[in-house]
Every structure is written in structure tokens, then in C-alpha cells.
Amino acid sequence: MFSQISPAYDLANTLLSLGLDRAWRAEAARRAALPEGGRIIDFCTGTGELARIFLKSGHGVTGVDFCEEMLDIARKKCMEFRWSEFICADATSVPLPNDSADGASIAFALRNLHHVGKVRAVFEEMVRVVRPGGKVMFLELTKPGHGFWRLVYYGYLCLYLPVMGALVSGRSGAYRYLSQSIRGFLDTDQVLGIMADTGLEDIRAYPLLGGIATIGVARKVNKT
Ligand SMILES: C[S@@+](CC[C@H](N)C(=O)[O-])C[C@H]1O[C@@H](n2cnc3c(N)ncnc32)[C@H](O)[C@@H]1O
């Protein structure tokens with residue numbers, strides 16, 4: 001699916017979120033609060049939007065994704081940065097050593113992993129590659145808690161998003177899938193629970209726009 005929509009992916013995101021996706025990635029990078037010049041592994045990096053934000057602030061980034069078409073766009077977008085590399089791999093099995101990065105991130109991709117076991121496996125992999133004391137951060141579209149906003153948001157998901165997504169990308173299925181994946185995704189507390197189970201501490205959640213999206217940041221337990 002991502003191979004097919006890759007050329008329109010960035011434009012569709014901007015139009016469908018009214019530019020909020022960019023602001024939210026920037027906020028997520030800020031909340032991750034990585035050490036200056038630190039190295040981050042961006043899981044499910046897609047077209048490299050979050051990777052580019054980290055690179056612009058002086059971090060080194062390895063972006064990982066299993067879709068070559070998305071990675072090709074990321075490579076072009078980030079080629080001016082010396083400390084960037086993009087590798088094709090499944091997020092549950094990344095060919096990188098243990099404890100080798102200061103942070104790991106994942107934006108707008110946990111929903112695509114389809115079941116709770118895979119979400120857990122990706123968090124385990126993020127924890128594995130990060131050094132003790134390093135950060136793990138996610139940014140995801142979530143379900144707003146408040147009744148009124150929930151209603152408005154579900155209207156957006158079921159009506160506006162599939163129609164606009166189909167118009168922009170020329171693929172009706174992909175954006176119907178997006179709205180279904182948001183409605184079917186885990187609750188934020190369940191994601192935070194998985195983070196706790198996988199060896200993370202100091203877990204914090206930052207809801208955005210009443211919980212339409214959530215940033216989660218945690219630290220890998222320091223060995224003593
Ligand atoms: C919605 S895009 C998000 C891209 C990017 N992180 C962003 O902020 O725009 C989801 C990405 O996750 C990738 N993806 C989904 N499942 C994956 C997996 N199991 N392993 C690696 N990449 C995966 C897809 O190829 C796609 O590029």
C-alpha cells in the first residue's frame with residue numbers, strides 16, 4: 001500500500017491534517033529531548049519527515065522502513081545531511097547492534113502493525129537498539145477522550161478523510177484503511193502499558209489537540 005501512495009504521501013498528509021502532522025513531528029522531536037549530536041534510529045521512517053527534523057537539529061539518524069519506494073524519497077530528502085542513512089528492514093528485526101543509539105522513534109506507524117503482539121515486538125526492538133538511559137519516543141494518531149471531540153473526529157475519519165485521501169492520492173482504499181486503522185488502534189494506556197512491559201521507565205504521554213494524537217516518551221532502564 002505504501003509503495004502505491006509514496007509519491008503523494010507527504011502532500012496528502014499536509015492536506016488531510018492541515019499541516020498539523022509537521023507541527024506534531026517537530027513537537028515529538030522536542031519532547032524526546034535527545035542529547036546534542038545524539039544518534040537516533042527512526043523506525044518506520046517512511047519518507048523521512050521525522051528523520052529530517054532530527055537531522056536539522058544536528059542529530060545522526062538511521063531511518064528504517066520495509067518499503068523501498070518510501071525510503072527512496074527519504075534518501076533524496078535527506079541527502080544533504082552527512083549523518084543520515086536509510087535501510088530497508090522490518091521494524092521487528094532491525095540489523096543494528098544492541099545499545100547502539102541514544103534514542104529510537106516511531107511516528108504514525110504503530111497503527112500499521114495490525115496487532116498488539118507486533119506493537120510489542122517493535123517496542124522490544126526499539127529498546128534493544130537504544131543504550132541504557134536512552135530515549136524511546138512514539139507519535140501516533142489516537143482517539144480523543146472527550147465525547148464531543150470524539151464525535152467530531154469520527155465524522156472527520158469516516159467522511160472527510162477517505163474522500164480527500166482518495167482525491168489526493170488517487171487510491172480510495174488507502175485512506176479508507178487509514179481511518180479504519182485509527183478507530184481500531186489500541187488505547188493510549190495500552191500502548192503505555194506495553195512500553196512499561198518492555199523495560200522502559202519514566203513514561204510520559206503528551207496528548208495533542210484533545211488526544212487526536214499522542215506523543216509518548218520514555219527512558220530505557222539504566223543497568224546498575
Ligand atoms: C504512515 S507511514 C509513517 C511514515 C513516517 N514515520 C511519518 O512520520 O510520516 C508508515 C510507514 O511504516 C512503514 N511500515 C509499516 N510496517 C512496517 C514494518 N513492519 N517494518 C518496517 N516498516 C513498516 C510503512 O512502509 C510506512 O512507510
# chains A, B, ... in the order shown; residues from 1 in each chain; ligands from 1
$ select_by_dssp --residues "stretch 42-216 of chain A" --states "strand (DSSP E)" --output "VMD selection string"
chain A and resid 42 to 43 60 to 65 84 to 88 101 to 107 130 to 141 200 to 208 213 to 216
$ residues_near_ligand --ligand "ligand 1" --cutoff "10 Å" --atoms "only C-alpha atoms and all ligand atoms" --output "ChimeraX atom specification"
/A:1-3,5-6,9-10,13,21-22,24-25,42-51,63-71,74,87-94,105-114,118-119,121-122,138-140,178
$ residues_around --residues "A:Ser17" --least-positions-apart "4" --cutoff "12 Å" --atoms "only C-alpha atoms" --output "number ranges by chain"
A: 10-13, 21-24, 141, 153, 156-157, 160-161, 164-165, 209, 212-213
$ write_last_selection --atoms "N, CA and C atoms" --output "compact mmCIF listing (two decimals), in the first residue's frame"
# COMPACT_ATOMS: atom_id res chain seq x y z
N ASP A 10 3.43 12.76 1.23
CA ASP A 10 3.69 13.99 2.01
C ASP A 10 2.59 15.03 1.77
N LEU A 11 2.20 15.20 0.51
CA LEU A 11 1.17 16.19 0.19
C LEU A 11 -0.16 15.81 0.85
N ALA A 12 -0.50 14.52 0.76
CA ALA A 12 -1.76 14.06 1.36
C ALA A 12 -1.76 14.32 2.87
N ASN A 13 -0.64 14.03 3.52
CA ASN A 13 -0.56 14.27 4.97
C ASN A 13 -0.82 15.73 5.30
N ASP A 21 0.44 17.57 11.02
CA ASP A 21 1.39 16.45 11.13
C ASP A 21 2.82 16.96 11.28
N ARG A 22 3.15 18.04 10.55
CA ARG A 22 4.52 18.58 10.63
C ARG A 22 4.78 19.17 12.01
N ALA A 23 3.80 19.94 12.49
CA ALA A 23 3.96 20.57 13.81
C ALA A 23 4.09 19.49 14.88
N TRP A 24 3.32 18.42 14.74
CA TRP A 24 3.35 17.36 15.75
C TRP A 24 4.67 16.60 15.73
N LEU A 141 -1.61 8.80 15.98
CA LEU A 141 -3.00 9.28 15.98
C LEU A 141 -3.77 8.41 16.97
N TYR A 153 -14.41 14.07 15.58
CA TYR A 153 -13.26 13.40 14.98
C TYR A 153 -13.70 12.17 14.18
N TYR A 156 -14.93 13.24 10.90
CA TYR A 156 -13.76 13.53 10.05
C TYR A 156 -13.18 12.23 9.47
N LEU A 157 -13.03 11.24 10.34
CA LEU A 157 -12.41 9.98 9.91
C LEU A 157 -13.25 9.22 8.89
N TYR A 160 -14.65 12.94 5.72
CA TYR A 160 -13.69 13.83 5.07
C TYR A 160 -12.43 13.07 4.62
N LEU A 161 -11.89 12.31 5.53
CA LEU A 161 -10.58 11.70 5.27
C LEU A 161 -10.58 10.71 4.10
N MET A 164 -11.15 12.91 0.75
CA MET A 164 -10.00 13.75 0.40
C MET A 164 -8.77 12.89 0.09
N GLY A 165 -8.57 11.85 0.88
CA GLY A 165 -7.42 10.96 0.67
C GLY A 165 -7.46 10.34 -0.72
N LEU A 209 -4.09 18.22 20.82
CA LEU A 209 -5.44 18.59 20.36
C LEU A 209 -6.51 17.66 20.96
N ILE A 212 -6.28 13.79 19.88
CA ILE A 212 -6.36 13.33 18.48
C ILE A 212 -5.03 12.66 18.09
N ALA A 213 -3.98 13.14 18.71
CA ALA A 213 -2.68 12.48 18.56
C ALA A 213 -2.03 12.45 19.94
$ residues_around --residues "stretch 190-201 of chain A" --least-positions-apart "3" --cutoff "6 Å" --atoms "only C-alpha atoms" --output "list in words"
Glu124, Asp187, Ala218, Arg219, Lys220 and Val221 of chain A
$ closest_residue --among "A:Pro7, A:Leu15, A:Gly38, A:Gly184" --to "A:His115" --atoms "only C-alpha atoms"
A:Gly184
$ closest_residue --among "A:Gly19, A:Gly117, A:Gly37, A:Pro144" --to "A:Arg183" --atoms "only C-alpha atoms"
A:Pro144
$ residues_around --residues "A:Arg30" --least-positions-apart "6" --cutoff "10 Å" --atoms "only C-alpha atoms" --output "PDB file with N, CA and C atoms, in the first residue's frame"
ATOM      1  N   TRP A  24       3.320  18.417  14.736  1.00  0.00           N
ATOM      2  CA  TRP A  24       3.351  17.356  15.750  1.00  0.00           C
ATOM      3  C   TRP A  24       4.673  16.601  15.731  1.00  0.00           C
ATOM      4  N   ILE A  53      13.787  16.234  10.603  1.00  0.00           N
ATOM      5  CA  ILE A  53      13.722  17.164  11.745  1.00  0.00           C
ATOM      6  C   ILE A  53      14.895  16.893  12.694  1.00  0.00           C
ATOM      7  N   PHE A  54      15.145  15.610  12.973  1.00  0.00           N
ATOM      8  CA  PHE A  54      16.281  15.273  13.853  1.00  0.00           C
ATOM      9  C   PHE A  54      17.608  15.682  13.200  1.00  0.00           C
ATOM     10  N   SER A  57      18.390  19.304  13.455  1.00  0.00           N
ATOM     11  CA  SER A  57      18.841  19.790  14.758  1.00  0.00           C
ATOM     12  C   SER A  57      20.170  19.148  15.188  1.00  0.00           C
TER      13      SER A  57
END
$ closest_residue --among "A:Val130, A:Leu208, A:Cys158, A:Leu55" --to "A:Ile182" --atoms "only C-alpha atoms"
A:Cys158
$ atom_distance --atom1 "atom CA of A:Leu18" --atom2 "atom CA of A:Gly145"
21.3 Å
$ select_by_dssp --residues "stretch 6-42 of chain A" --states "alpha helix (DSSP H)" --output "VMD selection string"
chain A and resid 9 to 17 20 to 32
$ closest_residue --among "A:Arg171, A:Lys143, A:Arg52, A:Arg31" --to "A:Phe86" --atoms "only C-alpha atoms"
A:Arg52
$ residues_around --residues "A:Arg39" --least-positions-apart "6" --cutoff "7 Å" --atoms "only C-alpha atoms" --output "PDB file with C-alpha atoms, in the first residue's frame"
ATOM      1  CA  HIS A  59      21.459  14.507  15.318  1.00  0.00           C
ATOM      2  CA  GLY A  60      22.651  11.490  13.361  1.00  0.00           C
ATOM      3  CA  VAL A  61      19.770   9.370  12.029  1.00  0.00           C
ATOM      4  CA  ALA A 101      21.755   4.584  19.725  1.00  0.00           C
ATOM      5  CA  ASP A 102      20.791   7.430  22.039  1.00  0.00           C
ATOM      6  CA  GLY A 103      17.169   7.207  21.002  1.00  0.00           C
TER       7      GLY A 103
END
$ atom_distance --atom1 "atom CA of A:Gln4" --atom2 "atom CA of A:Leu159"
22.1 Å
$ closest_residue --among "A:Ile73, A:Val152, A:Ala104, A:Val168" --to "A:Ile41" --atoms "only C-alpha atoms"
A:Ala104
